[in-house]
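S.K.: Submitted below is the structure of interest, expressed as structure tokens.
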Amino acid sequence: MNQINLIFQSQTCFFKTGESKALSFRLQALNNLKLAIKKHENTILSAIRQDLNKSEFEGFLTEIGILYEEIDFVKKRLKQWMKPKRVKTAITHLGSKSVIYPEPYGVTLIIAPWNYPFQLAIAPLIGAIAAGNTAIIKPSELTPHTSAVLTQLIEETFDSDYIATIEGDAKTSQALLKQPFDYIFFTGSTPVGKIVMEQAAKHLTPVTLELGGKSPAIVHEDANLKLAAKRIAWGKFTNAGQTCVAPDYIYVHENIKVAFLQELQQAITDSYGEQPLDNPDFPKIVNDNHFNRLHQLLDNGNLIYGGKSDLEKCKIEPTILTDIDWETPVMKEEIFGPILPIMTYCQLPTVITALSGQPKPLALYLFTENKQIEQQVVDHIPFGGGCINDTMYHLATPHLPFGGVGHSGTGSYHGKASFDTFSHYKSILKQTTKFDLPLRYPGSEKRFKLIKKFFK
Ligand code: NAD
């Protein structure tokens with residue numbers, strides 16, 4: 001039996017003992033997880049620095065702090081979430097009670113990407129633990145230092161028949177997908193999401209797919225330009241644009257284009273300096289393949305800011321491109337790097353029409369002070385989630401479920417949504433034995449007439 005089989009079988013046996021379902025067990029596991037992250041905080045941050053050159057500030061903010069908040073949020077509410085929920089019963093079911101019981105799925109698989117290699121492996125794990133499941137985590141092979149620390153942390157903290165990591169590349173991932181998991185939580189690209197869903201379908205395993213896509217930012221003519229520029233620059237260039245919810249491109253109103261672009265350039269310089277390639281804290285591109293893919297996009301349209309790159313350091317400057325349309329190569333795929341194309345519009349309906357021809361994005365950001373414009377965008381453009389007058393912040397609150405729709409994903413998590421995602425809701429009708437209404441039984445013309453009156 002190979003390692004994957006062995007761990008899968010041992011988790012299946014452990015789950016059947018029912019131990020992982022107890023509230024006290026779940027809370028203890030969440031406590032242990034938080035303590036382990038705290039213990040390894042510096043090692044995690046230095047691994048992320050090695051893999052992506054994220055500064056301690058950025059690493060802590062986006063990969064660790066957010067997890068502490070999530071664990072505390074879940075622990076505080078878990079007892080309440082686990083309680084069976086009594087609901088109303090229809091008049092036709094007189095004498096019975098209706099109750100919904102959340103129950104864990106069983107053995108779950110979490111496949112993680114490289115761009116937030118620690119956070120995106122642990123955040124779903126919090127949901128899996130909270131809901132009472134066991135879990136196998138497959139970290140990304142493109143961030144080996146973080147993957148190694150993650151594995152060490154999990155091995156030190158949990159028995160492998162409860163929680164384990166299995167390191168490896170796409171082949172390992174595919175071998176894992178052959179197992180009949182009870183739930184699969186995948187974060188990664190849309191093409192691989194399709195493969196995961198296809199494999200899961202073979203066992204009818206339910207999935208959550210947290211995927212990517214091209215998320216727009218729309219800057220309307222009445223927007224607070226300084227703030228819009230600052231928040232877009234932050235959302236786009238954090239992790240050098242390698243963020244699933246980074247604004248991929250901007251639609252800016254023609255009337256304020258010049259003023260906005262000035263503010264945007266200023267905001268970038270304020271954050272990363274005049275020479276971002278020499279800024280020791282500006283993140284690198286994850287590897288040469290991605291560097292080369294992005295490098296080819298630098299000559300698209302008209303380069304008005306940035307554009308320099310350093311293959312040795314694997315870094316590309318924050319870059320702004322204008323004179324872009326939907327036919328430009330940079331608009332044909334998710335950019336996932338520090339390159340920001342700008343398109344313009346005069347009337348909002350043209351933006352709505354253009355976006356309706358595109359796959360539904362993971363996020364959308366609108367900058368405006370006008371409630372009607374806000375309503376028009378929310379009502380007419382489908383997208384996973386987003387912000388009005390900000391970028392990315394919607395995913396950092398445990399009160400909002402986070403996820404995509406269509407090509408950007410299926411399902412959601414964070415906070416209660418994570419518990420729901422990793423739980424099956426079992427509906428139970430408890431019938432009385434004190435009496436038995438004869439209505440449903442065949443054999444009487446009178447009853448049939450009564451039934452017809454009920455269901456007219
Ligand atoms: P990816 O799809 O290449 O890889 C993700 C995981 O899948 C990795 O662990 C990888 O080993 C595994 N994998 C790769 N090829 C596979 C295959 N053929 N079969 C089975 N498994 C395979 O994604 P990535 O490059 O690591 O991450 C970037 C993508 O993830 C972007 O599209 C980004 O938008 C998306 N993303 C989405 C979210 C979200 O929350 N929605 C978060 C982060 C990243």
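By convention in this document, the chains of the structure tokens carry letters A, B, ... by their order, each chain's residues are numbered from 1, and ligands are numbered from 1 in the order they are shown.
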Around ligand 1, which protein and nucleic acid residues have at least one atom no more than 8 Å from it, if we count only C-alpha atoms and all ligand atoms? List them as JSON, numbers by chain.
M.R.: {"A": [111, 112, 113, 114, 115, 116, 120, 138, 139, 140, 141, 142, 168, 169, 170, 171, 172, 173, 174, 177, 186, 187, 188, 189, 190, 191, 192, 193, 195, 196, 209, 210, 211, 212, 213, 242, 243, 244, 245, 334, 336, 362, 402, 403, 404, 408, 409]}
S.K.: As a PDB file with N, CA and C atoms, in the first residue's frame, which residues of stretch 73-274 of chain A does DSSP assign to strand (DSSP E)?
M.R.:
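And here's result.pdb as it stands now:
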ATOM      1  N   LYS A  85     -30.796  22.326  14.416  1.00  0.00           N
ATOM      2  CA  LYS A  85     -31.695  23.475  14.289  1.00  0.00           C
ATOM      3  C   LYS A  85     -33.128  23.004  14.070  1.00  0.00           C
ATOM      4  N   ARG A  86     -34.004  23.389  14.997  1.00  0.00           N
ATOM      5  CA  ARG A  86     -35.414  23.038  14.867  1.00  0.00           C
ATOM      6  C   ARG A  86     -36.039  23.999  13.857  1.00  0.00           C
ATOM      7  N   VAL A  87     -36.796  23.462  12.894  1.00  0.00           N
ATOM      8  CA  VAL A  87     -37.484  24.327  11.925  1.00  0.00           C
ATOM      9  C   VAL A  87     -38.980  24.017  11.935  1.00  0.00           C
ATOM     10  N   LYS A  97     -41.978  16.726  14.305  1.00  0.00           N
ATOM     11  CA  LYS A  97     -40.997  17.807  14.502  1.00  0.00           C
ATOM     12  C   LYS A  97     -39.965  17.725  13.378  1.00  0.00           C
ATOM     13  N   SER A  98     -39.429  18.897  12.962  1.00  0.00           N
ATOM     14  CA  SER A  98     -38.405  18.902  11.915  1.00  0.00           C
ATOM     15  C   SER A  98     -37.112  19.500  12.467  1.00  0.00           C
ATOM     16  N   VAL A  99     -36.039  18.768  12.281  1.00  0.00           N
ATOM     17  CA  VAL A  99     -34.749  19.209  12.823  1.00  0.00           C
ATOM     18  C   VAL A  99     -33.653  19.027  11.760  1.00  0.00           C
ATOM     19  N   ILE A 100     -32.724  20.014  11.701  1.00  0.00           N
ATOM     20  CA  ILE A 100     -31.592  19.900  10.756  1.00  0.00           C
ATOM     21  C   ILE A 100     -30.302  19.711  11.566  1.00  0.00           C
ATOM     22  N   TYR A 101     -29.621  18.614  11.275  1.00  0.00           N
ATOM     23  CA  TYR A 101     -28.380  18.291  11.990  1.00  0.00           C
ATOM     24  C   TYR A 101     -27.176  18.512  11.076  1.00  0.00           C
ATOM     25  N   PRO A 102     -26.221  19.382  11.491  1.00  0.00           N
ATOM     26  CA  PRO A 102     -24.980  19.445  10.696  1.00  0.00           C
ATOM     27  C   PRO A 102     -24.114  18.246  11.037  1.00  0.00           C
ATOM     28  N   GLU A 103     -23.595  17.561  10.025  1.00  0.00           N
ATOM     29  CA  GLU A 103     -22.665  16.458  10.319  1.00  0.00           C
ATOM     30  C   GLU A 103     -21.474  16.559   9.378  1.00  0.00           C
ATOM     31  N   PRO A 104     -20.293  16.153   9.870  1.00  0.00           N
ATOM     32  CA  PRO A 104     -19.110  16.229   9.001  1.00  0.00           C
ATOM     33  C   PRO A 104     -19.233  15.272   7.826  1.00  0.00           C
ATOM     34  N   VAL A 107     -13.680  12.136   5.390  1.00  0.00           N
ATOM     35  CA  VAL A 107     -12.269  12.361   5.038  1.00  0.00           C
ATOM     36  C   VAL A 107     -12.220  13.383   3.906  1.00  0.00           C
ATOM     37  N   THR A 108     -11.542  14.496   4.148  1.00  0.00           N
ATOM     38  CA  THR A 108     -11.560  15.584   3.157  1.00  0.00           C
ATOM     39  C   THR A 108     -10.161  15.806   2.569  1.00  0.00           C
ATOM     40  N   LEU A 109     -10.150  16.361   1.379  1.00  0.00           N
ATOM     41  CA  LEU A 109      -8.889  16.679   0.696  1.00  0.00           C
ATOM     42  C   LEU A 109      -8.843  18.180   0.441  1.00  0.00           C
ATOM     43  N   ILE A 110      -7.716  18.794   0.797  1.00  0.00           N
ATOM     44  CA  ILE A 110      -7.523  20.232   0.552  1.00  0.00           C
ATOM     45  C   ILE A 110      -6.320  20.388  -0.377  1.00  0.00           C
ATOM     46  N   ILE A 111      -6.558  20.894  -1.569  1.00  0.00           N
ATOM     47  CA  ILE A 111      -5.446  21.126  -2.514  1.00  0.00           C
ATOM     48  C   ILE A 111      -5.197  22.632  -2.560  1.00  0.00           C
ATOM     49  N   THR A 134     -11.762  14.801   9.050  1.00  0.00           N
ATOM     50  CA  THR A 134     -10.313  14.625   8.986  1.00  0.00           C
ATOM     51  C   THR A 134      -9.868  15.293   7.670  1.00  0.00           C
ATOM     52  N   ALA A 135      -8.559  15.523   7.511  1.00  0.00           N
ATOM     53  CA  ALA A 135      -8.120  16.222   6.297  1.00  0.00           C
ATOM     54  C   ALA A 135      -6.728  15.809   5.849  1.00  0.00           C
ATOM     55  N   ILE A 136      -6.586  15.735   4.532  1.00  0.00           N
ATOM     56  CA  ILE A 136      -5.255  15.599   3.918  1.00  0.00           C
ATOM     57  C   ILE A 136      -5.021  16.883   3.116  1.00  0.00           C
ATOM     58  N   ILE A 137      -3.873  17.517   3.364  1.00  0.00           N
ATOM     59  CA  ILE A 137      -3.552  18.762   2.642  1.00  0.00           C
ATOM     60  C   ILE A 137      -2.483  18.463   1.599  1.00  0.00           C
ATOM     61  N   LYS A 138      -2.709  18.948   0.371  1.00  0.00           N
ATOM     62  CA  LYS A 138      -1.681  18.840  -0.677  1.00  0.00           C
ATOM     63  C   LYS A 138      -1.215  20.266  -0.976  1.00  0.00           C
ATOM     64  N   ILE A 163      -5.035  14.539  10.683  1.00  0.00           N
ATOM     65  CA  ILE A 163      -4.665  15.559   9.685  1.00  0.00           C
ATOM     66  C   ILE A 163      -3.249  15.267   9.183  1.00  0.00           C
ATOM     67  N   ALA A 164      -3.084  15.305   7.878  1.00  0.00           N
ATOM     68  CA  ALA A 164      -1.772  14.996   7.294  1.00  0.00           C
ATOM     69  C   ALA A 164      -1.529  15.886   6.085  1.00  0.00           C
ATOM     70  N   THR A 165      -0.268  16.056   5.732  1.00  0.00           N
ATOM     71  CA  THR A 165       0.030  16.698   4.448  1.00  0.00           C
ATOM     72  C   THR A 165       0.689  15.650   3.554  1.00  0.00           C
ATOM     73  N   TYR A 183     -15.105  14.822   0.689  1.00  0.00           N
ATOM     74  CA  TYR A 183     -15.227  16.214   0.250  1.00  0.00           C
ATOM     75  C   TYR A 183     -13.873  16.676  -0.294  1.00  0.00           C
ATOM     76  N   ILE A 184     -13.909  17.495  -1.344  1.00  0.00           N
ATOM     77  CA  ILE A 184     -12.660  18.045  -1.891  1.00  0.00           C
ATOM     78  C   ILE A 184     -12.772  19.563  -1.924  1.00  0.00           C
ATOM     79  N   PHE A 185     -11.757  20.211  -1.353  1.00  0.00           N
ATOM     80  CA  PHE A 185     -11.697  21.669  -1.363  1.00  0.00           C
ATOM     81  C   PHE A 185     -10.461  22.058  -2.171  1.00  0.00           C
ATOM     82  N   PHE A 186     -10.678  22.650  -3.326  1.00  0.00           N
ATOM     83  CA  PHE A 186      -9.563  22.970  -4.223  1.00  0.00           C
ATOM     84  C   PHE A 186      -9.414  24.471  -4.397  1.00  0.00           C
ATOM     85  N   THR A 187      -8.202  24.974  -4.262  1.00  0.00           N
ATOM     86  CA  THR A 187      -7.907  26.366  -4.611  1.00  0.00           C
ATOM     87  C   THR A 187      -6.838  26.354  -5.688  1.00  0.00           C
ATOM     88  N   VAL A 207     -17.590  19.136  -4.183  1.00  0.00           N
ATOM     89  CA  VAL A 207     -16.377  19.972  -4.224  1.00  0.00           C
ATOM     90  C   VAL A 207     -16.682  21.434  -3.935  1.00  0.00           C
ATOM     91  N   THR A 208     -15.677  22.089  -3.389  1.00  0.00           N
ATOM     92  CA  THR A 208     -15.630  23.553  -3.438  1.00  0.00           C
ATOM     93  C   THR A 208     -14.460  23.875  -4.347  1.00  0.00           C
ATOM     94  N   LEU A 209     -14.679  24.770  -5.298  1.00  0.00           N
ATOM     95  CA  LEU A 209     -13.591  25.183  -6.190  1.00  0.00           C
ATOM     96  C   LEU A 209     -13.376  26.676  -6.023  1.00  0.00           C
ATOM     97  N   GLU A 210     -12.215  27.033  -5.504  1.00  0.00           N
ATOM     98  CA  GLU A 210     -11.858  28.454  -5.357  1.00  0.00           C
ATOM     99  C   GLU A 210     -10.895  28.763  -6.492  1.00  0.00           C
ATOM    100  N   PRO A 216     -12.266  42.871 -12.513  1.00  0.00           N
ATOM    101  CA  PRO A 216     -12.125  44.277 -12.897  1.00  0.00           C
ATOM    102  C   PRO A 216     -12.229  45.246 -11.722  1.00  0.00           C
ATOM    103  N   ALA A 217     -11.616  46.429 -11.890  1.00  0.00           N
ATOM    104  CA  ALA A 217     -11.892  47.563 -11.005  1.00  0.00           C
ATOM    105  C   ALA A 217     -12.483  48.643 -11.910  1.00  0.00           C
ATOM    106  N   ILE A 218     -13.610  49.217 -11.488  1.00  0.00           N
ATOM    107  CA  ILE A 218     -14.251  50.268 -12.280  1.00  0.00           C
ATOM    108  C   ILE A 218     -14.127  51.568 -11.494  1.00  0.00           C
ATOM    109  N   VAL A 219     -13.534  52.573 -12.130  1.00  0.00           N
ATOM    110  CA  VAL A 219     -13.392  53.858 -11.438  1.00  0.00           C
ATOM    111  C   VAL A 219     -14.313  54.864 -12.125  1.00  0.00           C
ATOM    112  N   TYR A 249      -7.568  44.339 -14.146  1.00  0.00           N
ATOM    113  CA  TYR A 249      -7.494  45.488 -15.065  1.00  0.00           C
ATOM    114  C   TYR A 249      -8.452  46.566 -14.559  1.00  0.00           C
ATOM    115  N   ILE A 250      -8.298  47.762 -15.131  1.00  0.00           N
ATOM    116  CA  ILE A 250      -9.159  48.870 -14.689  1.00  0.00           C
ATOM    117  C   ILE A 250      -9.974  49.404 -15.859  1.00  0.00           C
ATOM    118  N   TYR A 251     -11.237  49.663 -15.578  1.00  0.00           N
ATOM    119  CA  TYR A 251     -12.081  50.456 -16.467  1.00  0.00           C
ATOM    120  C   TYR A 251     -12.209  51.822 -15.802  1.00  0.00           C
ATOM    121  N   VAL A 252     -11.629  52.858 -16.388  1.00  0.00           N
ATOM    122  CA  VAL A 252     -11.713  54.182 -15.768  1.00  0.00           C
ATOM    123  C   VAL A 252     -12.555  55.104 -16.665  1.00  0.00           C
ATOM    124  N   HIS A 253     -13.353  55.968 -16.031  1.00  0.00           N
ATOM    125  CA  HIS A 253     -14.176  56.891 -16.821  1.00  0.00           C
ATOM    126  C   HIS A 253     -13.267  57.862 -17.568  1.00  0.00           C
TER     127      HIS A 253
END
S.K.: What is the distance between atom CA of A:Glu19 and atom CA of A:Ala131, in Å to one decimal?
M.R.: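 If I compute the distance from atom CA of A:Glu19 to atom CA of A:Ala131, I get 12.3 Å.
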S.K.: Using only C-alpha atoms for the distances, tell me which of A:Gly443, A:Pro117, A:Pro84, A:Gly95 is nearest to A:Pro144.
M.R.: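 Under the stated criterion, the closest residue is A:Pro117.
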S.K.: For the atom pair atom CA of A:Gly337 and atom CA of A:Ser309, what is the interatomic distance in Å to one decimal place?
M.R.: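 Going from atom CA of A:Gly337 over to atom CA of A:Ser309, I get 12.0 Å.
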S.K.: Would you pick out the contacts of A:His145 at 7 Å or less, using only C-alpha atoms, so that residues sharing its chain but fewer than 5 positions from it are not included, and give the list as a list in words?
M.R.: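 The neighbour list is Ala47, Gln50 and Asp51 of chain A.
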S.K.: Could you work out how far atom CA of A:Phe237 lies from atom CA of A:Ile126, giving the answer in Å with one decimal?
M.R.: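 Pair atom CA of A:Ile126 / atom CA of A:Phe237 returns 27.6 Å.
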S.K.: Could you find all residues in stretch 197-372 of chain A that DSSP calls alpha helix (DSSP H) from the backbone, and write them as a ChimeraX atom specification?
M.R.: /A:197-202,225-237,257-272,288-295,348-356,371-372
S.K.: Need the shell around A:Trp81: protein/DNA/RNA residues with any atom at most 9 Å away, counting only C-alpha atoms. Skip same-chain ones fewer than 5 positions apart. Format as a short mmCIF file (atom, residue, chain, number, x, y, z; two decimals) with N, CA and C atoms, in the first residue's frame?
M.R.:
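The file below, part_1.cif, is the result:
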data_model
loop_
_atom_site.label_atom_id
_atom_site.label_comp_id
_atom_site.auth_asym_id
_atom_site.auth_seq_id
_atom_site.Cartn_x
_atom_site.Cartn_y
_atom_site.Cartn_z
N PRO A 102 -26.22 19.38 11.49
CA PRO A 102 -24.98 19.45 10.70
C PRO A 102 -24.11 18.25 11.04
N LYS A 416 -18.60 31.30 9.18
CA LYS A 416 -19.67 30.29 9.21
C LYS A 416 -19.74 29.53 7.88
N PHE A 419 -17.70 26.43 7.96
CA PHE A 419 -18.38 25.35 8.70
C PHE A 419 -19.45 24.73 7.82
N ASP A 420 -20.24 25.56 7.16
CA ASP A 420 -21.31 25.05 6.28
C ASP A 420 -20.74 24.23 5.13
#
S.K.: Please provide as a compact mmCIF listing (two decimals) with all heavy atoms, in the first residue's frame all residues within 8 Å of stretch 293-297 of chain A, with the sequence filter that same-chain residues fewer than 4 positions apart are discarded (counting only C-alpha atoms).
M.R.:
# COMPACT_ATOMS: atom_id res chain seq x y z
N ASN A 289 9.10 30.45 -15.28
CA ASN A 289 7.99 30.27 -16.24
C ASN A 289 7.00 31.41 -16.14
O ASN A 289 6.58 31.97 -17.15
CB ASN A 289 7.22 28.97 -15.95
CG ASN A 289 8.00 27.78 -16.42
OD1 ASN A 289 8.99 27.94 -17.13
ND2 ASN A 289 7.58 26.60 -15.99
N SER A 309 12.33 44.92 -15.60
CA SER A 309 12.28 43.62 -14.93
C SER A 309 13.70 43.12 -14.70
O SER A 309 14.65 43.62 -15.30
CB SER A 309 11.51 42.62 -15.79
OG SER A 309 12.15 42.48 -17.03
N ILE A 316 9.41 41.93 -11.45
CA ILE A 316 8.90 42.83 -12.49
C ILE A 316 8.31 44.04 -11.78
O ILE A 316 7.59 43.90 -10.78
CB ILE A 316 7.82 42.12 -13.34
CG1 ILE A 316 8.44 40.97 -14.13
CG2 ILE A 316 7.12 43.11 -14.30
CD1 ILE A 316 7.47 40.13 -14.95
N PRO A 329 -3.45 40.91 -26.10
CA PRO A 329 -3.14 39.64 -25.41
C PRO A 329 -3.29 39.71 -23.88
O PRO A 329 -3.74 38.76 -23.25
CB PRO A 329 -1.70 39.36 -25.82
CG PRO A 329 -1.55 40.03 -27.15
CD PRO A 329 -2.45 41.24 -27.12
N VAL A 330 -2.92 40.85 -23.28
CA VAL A 330 -2.98 40.97 -21.82
C VAL A 330 -4.41 40.81 -21.28
O VAL A 330 -4.62 40.49 -20.11
CB VAL A 330 -2.35 42.32 -21.36
CG1 VAL A 330 -3.28 43.50 -21.64
CG2 VAL A 330 -1.94 42.30 -19.90
N ILE A 335 -3.95 37.83 -15.48
CA ILE A 335 -2.56 38.31 -15.54
C ILE A 335 -1.72 37.70 -14.42
O ILE A 335 -0.64 37.19 -14.64
CB ILE A 335 -2.51 39.85 -15.50
CG1 ILE A 335 -3.25 40.41 -16.72
CG2 ILE A 335 -1.07 40.35 -15.47
CD1 ILE A 335 -3.52 41.89 -16.67
N GLY A 337 0.09 38.98 -12.02
CA GLY A 337 1.40 39.60 -11.91
C GLY A 337 1.22 41.10 -11.85
O GLY A 337 0.09 41.61 -11.95
N ILE A 339 1.18 43.72 -13.56
CA ILE A 339 0.92 44.47 -14.80
C ILE A 339 -0.55 44.88 -14.81
O ILE A 339 -1.43 44.03 -14.66
CB ILE A 339 1.23 43.59 -16.03
CG1 ILE A 339 2.70 43.16 -15.99
CG2 ILE A 339 0.92 44.34 -17.33
CD1 ILE A 339 3.08 42.13 -17.06
S.K.: Sorted by chain and rising residue number, list the residues of stretch 234-255 of chain A at most 12 Å from stretch 60-78 of chain A (counting only C-alpha atoms), each with its closest atom pair and distance in Å to one decimal, as a Markdown table.
M.R.:
| residue | atom | partner | partner_atom | distance |
| --- | --- | --- | --- | --- |
| A:Gly235 | CA | A:Thr62 | CA | 11.7 |
| A:Thr238 | CA | A:Thr62 | CA | 9.3 |
| A:Asn239 | CA | A:Thr62 | CA | 9.3 |
| A:Thr243 | CA | A:Thr62 | CA | 10.5 |
S.K.: Which residues, written as a PDB file with all heavy atoms, in the first residue's frame, have at least one atom at most 10 Å from A:Pro438, with only C-alpha atoms counted and residues fewer than 4 positions away on the same chain left out?
M.R.:
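Result file part_1.pdb:
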ATOM      1  N   PRO A 442     -54.379   5.412   0.951  1.00  0.00           N
ATOM      2  CA  PRO A 442     -55.350   5.242  -0.128  1.00  0.00           C
ATOM      3  C   PRO A 442     -56.613   4.494   0.342  1.00  0.00           C
ATOM      4  O   PRO A 442     -56.646   3.957   1.458  1.00  0.00           O
ATOM      5  CB  PRO A 442     -54.599   4.384  -1.149  1.00  0.00           C
ATOM      6  CG  PRO A 442     -53.584   3.660  -0.355  1.00  0.00           C
ATOM      7  CD  PRO A 442     -53.233   4.514   0.812  1.00  0.00           C
ATOM      8  N   SER A 444     -60.052   5.758   0.185  1.00  0.00           N
ATOM      9  CA  SER A 444     -61.280   6.471   0.536  1.00  0.00           C
ATOM     10  C   SER A 444     -61.475   7.657  -0.399  1.00  0.00           C
ATOM     11  O   SER A 444     -60.577   8.501  -0.537  1.00  0.00           O
ATOM     12  CB  SER A 444     -61.199   6.953   1.994  1.00  0.00           C
ATOM     13  OG  SER A 444     -62.027   8.081   2.159  1.00  0.00           O
ATOM     14  N   ARG A 447     -61.294  11.033   1.441  1.00  0.00           N
ATOM     15  CA  ARG A 447     -59.937  11.509   1.739  1.00  0.00           C
ATOM     16  C   ARG A 447     -59.298  12.118   0.486  1.00  0.00           C
ATOM     17  O   ARG A 447     -58.625  13.131   0.555  1.00  0.00           O
ATOM     18  CB  ARG A 447     -59.061  10.344   2.192  1.00  0.00           C
ATOM     19  CG  ARG A 447     -59.086  10.154   3.678  1.00  0.00           C
ATOM     20  CD  ARG A 447     -58.137   9.043   4.052  1.00  0.00           C
ATOM     21  NE  ARG A 447     -58.828   8.047   4.826  1.00  0.00           N
ATOM     22  CZ  ARG A 447     -58.521   6.756   4.815  1.00  0.00           C
ATOM     23  NH1 ARG A 447     -57.557   6.303   4.060  1.00  0.00           N
ATOM     24  NH2 ARG A 447     -59.193   5.919   5.553  1.00  0.00           N
TER      25      ARG A 447
END
S.K.: Near A:Lys236, within 8 Å and counting only C-alpha atoms, which residues show up once chain neighbours fewer than 2 positions away are dropped, as a list in words?
M.R.: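 Neighbouring residues, sequence-local ones excluded: Ile232, Ala233, Trp234, Thr238, Ala240, Gly241, Thr243, Ala246, Pro247, Asp248, Pro338 and Leu340 of chain A.
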S.K.: Could you check the closest approach to A:Thr421 for each of A:Gln80, A:Asn133, A:Asn42, A:Thr391 and tell me which residue wins, using only C-alpha atoms?
M.R.: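 For A:Thr421, the nearest of the candidates is A:Asn133.
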